[in-house]
Every structure is written in structure tokens, then in C-alpha cells.
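Novice: coords_31.cif (mmCIF, C-alpha atoms) pasted underneath:
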```cif
data_query
loop_
_atom_site.label_atom_id
_atom_site.label_comp_id
_atom_site.auth_asym_id
_atom_site.auth_seq_id
_atom_site.Cartn_x
_atom_site.Cartn_y
_atom_site.Cartn_z
CA MET W 1 90.03 71.55 113.33
CA LYS W 2 90.82 69.03 110.61
CA VAL W 3 89.03 65.68 110.93
CA ILE W 4 90.71 62.63 109.40
CA LEU W 5 89.01 59.25 109.19
CA ILE W 6 91.25 56.23 108.52
CA THR W 7 90.08 52.67 108.14
CA GLY W 8 92.43 50.04 109.55
CA ALA W 9 94.77 52.25 111.58
CA THR W 10 95.75 49.60 114.11
CA SER W 11 98.79 48.44 112.13
CA GLY W 12 100.93 48.99 109.04
CA VAL W 13 100.19 51.90 106.73
CA GLY W 14 97.05 52.91 108.59
CA PHE W 15 98.92 53.10 111.90
CA GLU W 16 101.78 55.17 110.48
CA THR W 17 99.33 57.47 108.70
CA ALA W 18 97.32 58.01 111.88
CA LYS W 19 100.54 58.73 113.74
CA LEU W 20 101.64 61.35 111.20
CA PHE W 21 98.27 63.09 111.15
CA SER W 22 98.00 63.06 114.95
CA HIS W 23 101.15 65.20 115.12
CA GLU W 24 99.56 67.92 113.01
CA LYS W 25 98.20 71.00 114.73
CA ASP W 26 94.42 71.03 115.25
CA ALA W 27 93.95 67.57 113.71
CA LYS W 28 91.59 64.92 115.03
CA VAL W 29 92.18 61.38 113.80
CA VAL W 30 89.46 58.74 113.96
CA SER W 31 90.15 55.11 113.10
CA LEU W 32 87.70 52.35 112.20
CA SER W 33 88.89 48.81 112.92
CA VAL W 34 87.10 45.56 113.67
CA ASP W 35 89.63 43.74 115.88
CA LEU W 36 89.19 44.85 119.50
CA ASN W 37 92.54 43.39 120.62
CA LYS W 38 94.37 45.36 117.94
CA ILE W 39 92.41 48.48 118.86
CA ASN W 40 93.40 48.20 122.52
CA SER W 41 97.04 47.70 121.57
CA ALA W 42 97.10 50.65 119.15
CA LYS W 43 95.43 52.93 121.71
CA LYS W 44 98.45 52.58 123.97
CA GLU W 45 100.78 53.80 121.23
CA LEU W 46 98.46 56.42 119.73
CA PRO W 47 96.56 57.92 122.69
CA GLY W 48 95.51 60.94 120.64
CA VAL W 49 93.67 58.86 118.06
CA GLU W 50 90.03 57.94 118.56
CA PHE W 51 89.55 54.24 117.77
CA LEU W 52 86.03 53.04 116.97
CA GLN W 53 85.17 49.39 116.48
CA CYS W 54 83.41 48.80 113.18
CA ASP W 55 83.34 46.23 110.40
CA VAL W 56 83.91 48.33 107.27
CA SER W 57 82.19 45.68 105.15
CA ASP W 58 78.95 46.31 107.10
CA TYR W 59 77.23 49.33 105.53
CA ASN W 60 74.59 49.70 108.25
CA ALA W 61 77.29 49.74 110.93
CA LEU W 62 79.10 52.47 108.98
CA LEU W 63 75.96 54.60 108.90
CA LYS W 64 75.78 54.42 112.70
CA ILE W 65 79.41 55.52 112.96
CA ALA W 66 78.66 58.40 110.57
CA GLU W 67 75.97 59.61 112.98
CA ILE W 68 78.46 59.52 115.85
CA ILE W 69 81.07 61.50 113.94
CA ASP W 70 78.47 63.99 112.72
CA LYS W 71 77.35 64.72 116.29
CA LYS W 72 80.93 65.05 117.61
CA TYR W 73 82.70 66.82 114.73
CA GLY W 74 80.11 67.74 112.10
CA LYS W 75 82.38 66.96 109.15
CA ILE W 76 85.20 64.88 107.69
CA ASP W 77 88.05 66.57 105.83
CA ILE W 78 90.10 63.53 104.83
CA LEU W 79 88.99 59.94 104.37
CA VAL W 80 91.66 57.24 103.95
CA ASN W 81 90.33 53.89 102.75
CA ASN W 82 93.07 51.53 103.88
CA ALA W 83 91.57 48.50 105.66
CA GLY W 84 91.86 45.16 103.93
CA THR W 85 92.88 41.54 104.01
CA ILE W 86 94.50 39.01 101.68
CA ILE W 87 94.00 35.30 101.12
CA PRO W 88 96.38 33.62 98.65
CA GLY W 89 95.14 31.44 95.83
CA ASN W 90 94.38 31.20 92.14
CA ILE W 91 91.27 30.13 90.23
CA GLU W 92 91.96 26.50 91.08
CA THR W 93 92.84 26.87 94.75
CA LEU W 94 90.89 29.84 96.12
CA ALA W 95 87.55 28.92 97.67
CA VAL W 96 84.49 30.92 96.66
CA GLU W 97 83.87 32.05 100.25
CA ASP W 98 87.45 33.34 100.46
CA TRP W 99 86.99 35.21 97.17
CA ASP W 100 83.84 36.84 98.61
CA LYS W 101 85.64 37.82 101.83
CA VAL W 102 88.58 39.45 100.05
CA ILE W 103 86.39 41.29 97.53
CA LYS W 104 84.08 42.57 100.25
CA ASN W 105 86.88 43.77 102.54
CA ASN W 106 89.20 45.22 99.90
CA PHE W 107 86.78 46.46 97.25
CA SER W 108 83.16 46.75 98.36
CA SER W 109 84.15 48.32 101.67
CA TYR W 110 85.77 51.26 99.85
CA TYR W 111 82.43 51.99 98.22
CA TYR W 112 80.50 51.46 101.46
CA VAL W 113 82.79 53.75 103.48
CA SER W 114 82.85 56.49 100.84
CA LYS W 115 79.06 56.43 100.50
CA ALA W 116 78.38 56.31 104.25
CA PHE W 117 80.55 59.36 104.97
CA LEU W 118 79.88 61.39 101.82
CA SER W 119 77.53 63.84 103.53
CA LEU W 120 80.26 64.62 106.09
CA LEU W 121 82.89 65.04 103.37
CA LYS W 122 80.65 67.56 101.66
CA LYS W 123 81.00 69.71 104.79
CA GLY W 124 84.78 69.33 104.94
CA GLU W 125 87.56 71.76 104.01
CA ASN W 126 89.74 70.69 101.06
CA ALA W 127 87.77 67.45 101.45
CA ASN W 128 89.30 64.44 99.80
CA ILE W 129 89.40 60.66 99.69
CA VAL W 130 92.60 58.61 99.46
CA ASN W 131 92.16 54.98 98.39
CA ILE W 132 94.99 52.52 98.99
CA SER W 133 95.51 50.19 96.06
CA SER W 134 98.55 48.10 95.03
CA ILE W 135 100.81 47.36 92.10
CA SER W 136 99.06 43.96 92.19
CA ALA W 137 96.12 45.70 90.53
CA THR W 138 97.98 45.72 87.22
CA ALA W 139 100.66 43.06 87.60
CA GLY W 140 98.77 40.36 89.46
CA GLY W 141 100.08 38.62 92.56
CA SER W 142 99.73 35.66 94.87
CA SER W 143 96.00 36.22 95.35
CA ILE W 144 93.64 36.49 92.39
CA ALA W 145 90.97 38.00 94.64
CA TYR W 146 93.29 40.66 96.10
CA SER W 147 94.58 41.68 92.67
CA CYS W 148 91.06 41.93 91.26
CA ALA W 149 89.87 43.88 94.30
CA LYS W 150 92.69 46.40 93.95
CA ALA W 151 91.98 46.78 90.23
CA GLY W 152 88.44 47.63 91.29
CA VAL W 153 89.75 50.18 93.78
CA ASN W 154 91.55 51.97 90.94
CA MET W 155 88.28 52.29 89.05
CA ILE W 156 86.33 53.34 92.15
CA SER W 157 88.80 56.22 92.54
CA GLN W 158 88.38 57.28 88.92
CA SER W 159 84.59 57.11 89.14
CA LEU W 160 84.39 58.96 92.45
CA ALA W 161 86.83 61.63 91.26
CA LYS W 162 84.48 62.32 88.35
CA ASP W 163 81.28 62.12 90.41
CA LEU W 164 82.49 64.28 93.29
CA ALA W 165 84.36 67.01 91.39
CA LYS W 166 81.19 69.13 91.42
CA TYR W 167 81.44 69.19 95.23
CA LYS W 168 85.16 70.03 95.08
CA ILE W 169 85.94 66.70 96.76
CA ARG W 170 89.19 65.24 95.46
CA VAL W 171 89.73 61.49 95.11
CA ASN W 172 93.15 59.92 94.56
CA THR W 173 94.82 56.54 94.75
CA ILE W 174 98.09 55.39 96.27
CA SER W 175 99.56 52.23 94.71
CA PRO W 176 102.41 50.84 96.82
CA GLY W 177 104.93 48.28 95.70
CA ILE W 178 106.15 45.63 98.11
CA PHE W 179 107.17 47.22 101.38
CA ASN W 180 107.98 45.96 104.86
CA SER W 181 104.66 46.11 106.72
CA GLY W 182 104.25 42.52 107.89
CA PHE W 183 101.00 42.34 105.91
CA GLN W 184 101.46 38.72 104.84
CA ILE W 185 102.38 37.72 108.41
CA HIS W 186 99.31 39.42 109.89
CA ASN W 187 97.13 37.59 107.34
CA ASN W 188 98.69 34.18 108.09
CA MET W 189 100.23 33.80 104.63
CA MET W 190 103.80 33.51 105.92
CA ASN W 191 105.75 33.22 109.11
CA GLU W 192 108.42 35.79 109.94
CA GLU W 193 111.25 33.77 108.40
CA GLN W 194 109.34 33.25 105.15
CA TYR W 195 108.36 36.91 105.03
CA ASN W 196 111.93 38.13 105.48
CA GLU W 197 113.11 35.72 102.79
CA MET W 198 110.44 37.06 100.41
CA LEU W 199 111.57 40.65 101.04
CA LYS W 200 115.18 39.63 100.45
CA LYS W 201 114.31 38.03 97.10
CA GLN W 202 112.21 41.01 96.02
CA SER W 203 114.81 43.62 96.98
CA SER W 204 116.69 43.22 93.67
CA ASN W 205 113.55 44.46 91.88
CA TYR W 206 113.55 47.73 93.83
CA PRO W 207 116.38 50.16 92.94
CA PHE W 208 115.68 52.24 96.06
CA GLY W 209 115.28 49.18 98.26
CA ILE W 210 112.24 47.77 100.01
CA GLY W 211 110.10 50.54 101.47
CA THR W 212 108.33 50.92 104.80
CA SER W 213 104.82 51.74 105.96
CA LEU W 214 106.09 55.24 106.72
CA ASP W 215 107.04 55.74 103.07
CA ILE W 216 103.44 55.07 102.08
CA ALA W 217 102.06 57.18 104.92
CA ASN W 218 104.14 60.17 103.80
CA ALA W 219 102.67 59.85 100.30
CA ILE W 220 99.17 59.79 101.79
CA LEU W 221 99.97 62.89 103.84
CA PHE W 222 101.06 64.74 100.71
CA ILE W 223 98.22 63.73 98.37
CA SER W 224 95.61 64.67 100.97
CA SER W 225 97.19 68.03 101.82
CA GLU W 226 96.65 71.57 100.55
CA LYS W 227 99.87 71.14 98.56
CA ALA W 228 97.99 68.69 96.33
CA LYS W 229 94.76 70.68 96.06
CA TRP W 230 94.89 70.65 92.23
CA ILE W 231 95.30 66.86 92.03
CA THR W 232 92.32 64.55 91.66
CA GLY W 233 91.79 61.29 89.82
CA ALA W 234 95.50 60.48 90.10
CA ASN W 235 97.08 57.12 90.89
CA LEU W 236 100.36 57.78 92.68
CA LEU W 237 102.81 54.89 92.31
CA VAL W 238 104.97 54.54 95.43
CA ASP W 239 107.23 51.61 94.61
CA GLY W 240 110.89 52.51 95.08
CA GLY W 241 111.56 52.43 91.35
CA ASN W 242 110.12 48.97 90.69
CA ILE W 243 108.26 50.31 87.65
CA VAL W 244 111.48 51.39 85.94
CA ASN W 245 113.26 48.14 86.73
CA LYS W 246 111.06 45.86 84.62
#
```
Represent the structure of the file as C-alpha cells.

Specialist:
Amino acid sequence: MKVILITGATSGVGFETAKLFSHEKDAKVVSLSVDLNKINSAKKELPGVEFLQCDVSDYNALLKIAEIIDKKYGKIDILVNNAGTIIPGNIETLAVEDWDKVIKNNFSSYYYVSKAFLSLLKKGENANIVNISSISATAGGSSIAYSCAKAGVNMISQSLAKDLAKYKIRVNTISPGIFNSGFQIHNNMMNEEQYNEMLKKQSSNYPFGIGTSLDIANAILFISSEKAKWITGANLLVDGGNIVNK
């Protein structure tokens, strides 16, 4: 049995990734999410996925979850660090407490989760970590904290890939462009009308059009599979051609 742990699988990329993995033979998908209402809603659509409530920015809580997974499954084969949040603002407008929240949820949590479950990954088969970053890591965006956090994620992946190679644990990054996930709506940055207008304006920058959460999930499925067993330390850009349109 292949055990996949995904943070933030109640919506967006995490949800689509959990859905894809749950269709694989002999795969067990476990999701960590903090919002109980979202967990209950996702359970109805993904009955085969085990949803556990946990704040991924709480290291001690993660250690308790690691004990639970160890007793039930004894290993983790694939870890997908996906959970995160965004608060818009620049150096003049973003409050310090909002900076701390975004950095902790989008950057520190990737370290906490990877460290808490490392002993289980060491017992996995073709064990690997997939960290979800963003093109905002290099180009900047509407949130200085989010962009900085994602830049940190890129370096975490590089560092972990080097550190964990001796255990044959692969570590790779997925960097999506703008895609239709409702992320800004869920984080109260925009209403639906504003979000759709933003996607419409951005579409001219994407030769292959605006992507979907499923497009990102398919990339995660590939990079974590046996087909990518010779790939580690990579940052896979999944942006519908945005990079070549600059």
C-alpha cells in the first residue's frame, strides 16, 4: 500500500491531488487541514480520503499526528506540502502580525511538516516530498509576505533534496502560474466578480490559457511517481507558457 500525506486537501490543488491519488490502486490518502467545516464538506466528496484536523503551523500537533500515522500505516511514501494562505499588502500596508501569519503558514509549516514526518518517509518506498511554490517566488505579487514565503519554499526544497539524498528521499518543487482555483476568493482578497475579472486580464499572459487545479495536481502526480524516480532538487514550472510570454 502506498501512503500519501497531503496538507490542505479540502479545496483547490490539494483536493484535486487527493482525488487523483485516491483513484490509484492500493493507495491511502491522508489529509491534514485545520478548518473542520471544510473537512466535513470534503469528506462527502472524497469518502476514501482520511481527513485529520491539524494546524500545520503547530509542530507539536504534527508530532502527535505522526504517531497516529505510524501506528496505522507505519510509513509515508509521498508527502505533499500544499497548505497555505495569502494576505495582500506591501511593506507599507501589510501589518507585522499578518506577515508572521503568512510566513508561518506558507514557509515555516513546510519545514515543520517535513521534519515531523521524516522518520516515516525514511520507511517509505520511492519516498519523496513535493513542495508547492509559486511563480510569485521570483516575480513578486500582490503580497510581499506570500512571495517571500514561496521564495523560501524553493530554498527549503533545494536544502532538503541535498540533505535527504543519502536516504534516497527525493524532494521537488512545483511552481504554478495563475490558475483558476478560487484561492483569492477563499482568502477574502476578492469577490467572485473581481476574481473572474482578474483571470480575464491575466489570460493574455498565458499562451495556453488559464490553468486549473487539476493541471497542477497532474504535475504533482507525475513528479512524485516512479516515472520521476531520477528527479530530485527540481523546480517544475507549471504555468501555461507564461514564462515564454514575457

Novice: Quick one: everything within 8 Å of stretch 169-177 of chain W, counting only C-alpha atoms, minus sequence neighbours fewer than 6 positions away in the same chain. Send it as a PyMOL selection string.

Specialist: chain W and resi 121-122+126-135+154+157-158+160-161+216+219-220+223+229+231-240+242

Novice: What is the distance, in Å and to one decimal place, between atom CA of W:Asp100 and atom CA of W:Ile87?

Specialist: 10.6 Å

Novice: When you count only C-alpha atoms, which of these residues is closest to W:Ile6: W:Ala83, W:Ile39, W:Val102, W:Val244?

Specialist: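 The shortest atom-to-atom distance to W:Ile6 comes from W:Ala83.
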
Novice: So which one's closest to W:Asp55, W:Ile4, W:Leu36, W:Ala165, W:Ala217? Using only C-alpha atoms, please.

Specialist: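 Selected residue with least distance to W:Asp55: W:Leu36.
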
Novice: Mind checking which residues fall within 10 Å of stretch 24-29 of chain W, counting all atoms listed in the file, ignoring those fewer than 2 positions away in the same chain, and posting them as a VMD selection string?

Specialist: chain W and resid 1 to 6 9 17 to 22 31 46 48 to 51 73 76 to 78

Novice: Against stretch 181-204 of chain W, which residues of stretch 16-109 of chain W fall within 10 Å? For each one I want the closest pair of atoms and the distance in Å (one decimal), counting only C-alpha atoms, rows by chain and increasing residue number, as a Markdown table.

Specialist:
```
| residue | atom | partner | partner_atom | distance |
| --- | --- | --- | --- | --- |
| W:Gly84 | CA | W:Phe183 | CA | 9.8 |
| W:Thr85 | CA | W:Asn187 | CA | 6.7 |
| W:Ile86 | CA | W:Asn187 | CA | 6.4 |
| W:Ile87 | CA | W:Met189 | CA | 7.3 |
| W:Pro88 | CA | W:Met189 | CA | 7.1 |
```

Novice: Separation of atom CA of W:Pro47 and atom CA of W:Glu16, in Å?

Specialist: 13.6 Å

Novice: Given 6 Å on each side, where is the centre and what are the edge lengths in Å to one decimal of the axis-aligned box enclosing the listed atoms of stretch 107-110 of chain W, as AutoDock Vina command-line options?

Specialist:
```
--center_x 85.0 --center_y 48.9 --center_z 99.5 --size_x 15.6 --size_y 16.8 --size_z 16.4
```

Novice: Between atom CA of W:Asp163 and atom CA of W:Trp230, what is the distance, to one decimal in Å?

Specialist: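 For atom CA of W:Asp163 relative to atom CA of W:Trp230, the distance reads 16.2 Å.
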
Novice: Counting only C-alpha atoms, I want the residues whose atoms come within 10 Å of (90.2, 48.3, 90.8) in the file frame, returned as an MDAnalysis selection string.

Specialist: chainID W and resid 106:107 133:134 136:138 146:158

Novice: Run through the PyMOL selection byres ((chain W and resi 58) around 10) on the given coordinates and return the selected residues as a list in words.

Specialist: Cys54, Asp55, Val56, Ser57, Tyr59, Asn60, Ala61, Leu62, Leu63, Lys104, Asn105, Ser108, Ser109, Tyr112 and Val113 of chain W

Novice: Can I get the selected residues back with C-alpha atoms, as an mmCIF file, keeping the file's coordinate frame?

Specialist:
```cif
data_model
loop_
_atom_site.group_PDB
_atom_site.id
_atom_site.type_symbol
_atom_site.label_atom_id
_atom_site.label_comp_id
_atom_site.auth_asym_id
_atom_site.auth_seq_id
_atom_site.Cartn_x
_atom_site.Cartn_y
_atom_site.Cartn_z
ATOM 1 C CA CYS W 54 83.410 48.800 113.180
ATOM 2 C CA ASP W 55 83.340 46.230 110.400
ATOM 3 C CA VAL W 56 83.910 48.330 107.270
ATOM 4 C CA SER W 57 82.190 45.680 105.150
ATOM 5 C CA TYR W 59 77.230 49.330 105.530
ATOM 6 C CA ASN W 60 74.590 49.700 108.250
ATOM 7 C CA ALA W 61 77.290 49.740 110.930
ATOM 8 C CA LEU W 62 79.100 52.470 108.980
ATOM 9 C CA LEU W 63 75.960 54.600 108.900
ATOM 10 C CA LYS W 104 84.080 42.570 100.250
ATOM 11 C CA ASN W 105 86.880 43.770 102.540
ATOM 12 C CA SER W 108 83.160 46.750 98.360
ATOM 13 C CA SER W 109 84.150 48.320 101.670
ATOM 14 C CA TYR W 112 80.500 51.460 101.460
ATOM 15 C CA VAL W 113 82.790 53.750 103.480
#
```

Novice: Counting all atoms listed in the file, which of W:Lys115, W:Ala145, W:Asp70, W:Leu120 gets nearest to W:Thr93?

Specialist: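 Checking each candidate against W:Thr93, we get W:Ala145 as the closest.
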
Novice: Got a sec to resolve the PyMOL selection byres ((chain W and resi 53) around 6) on this structure and send the residues as number ranges by chain?

Specialist: W: 32-34, 52, 54
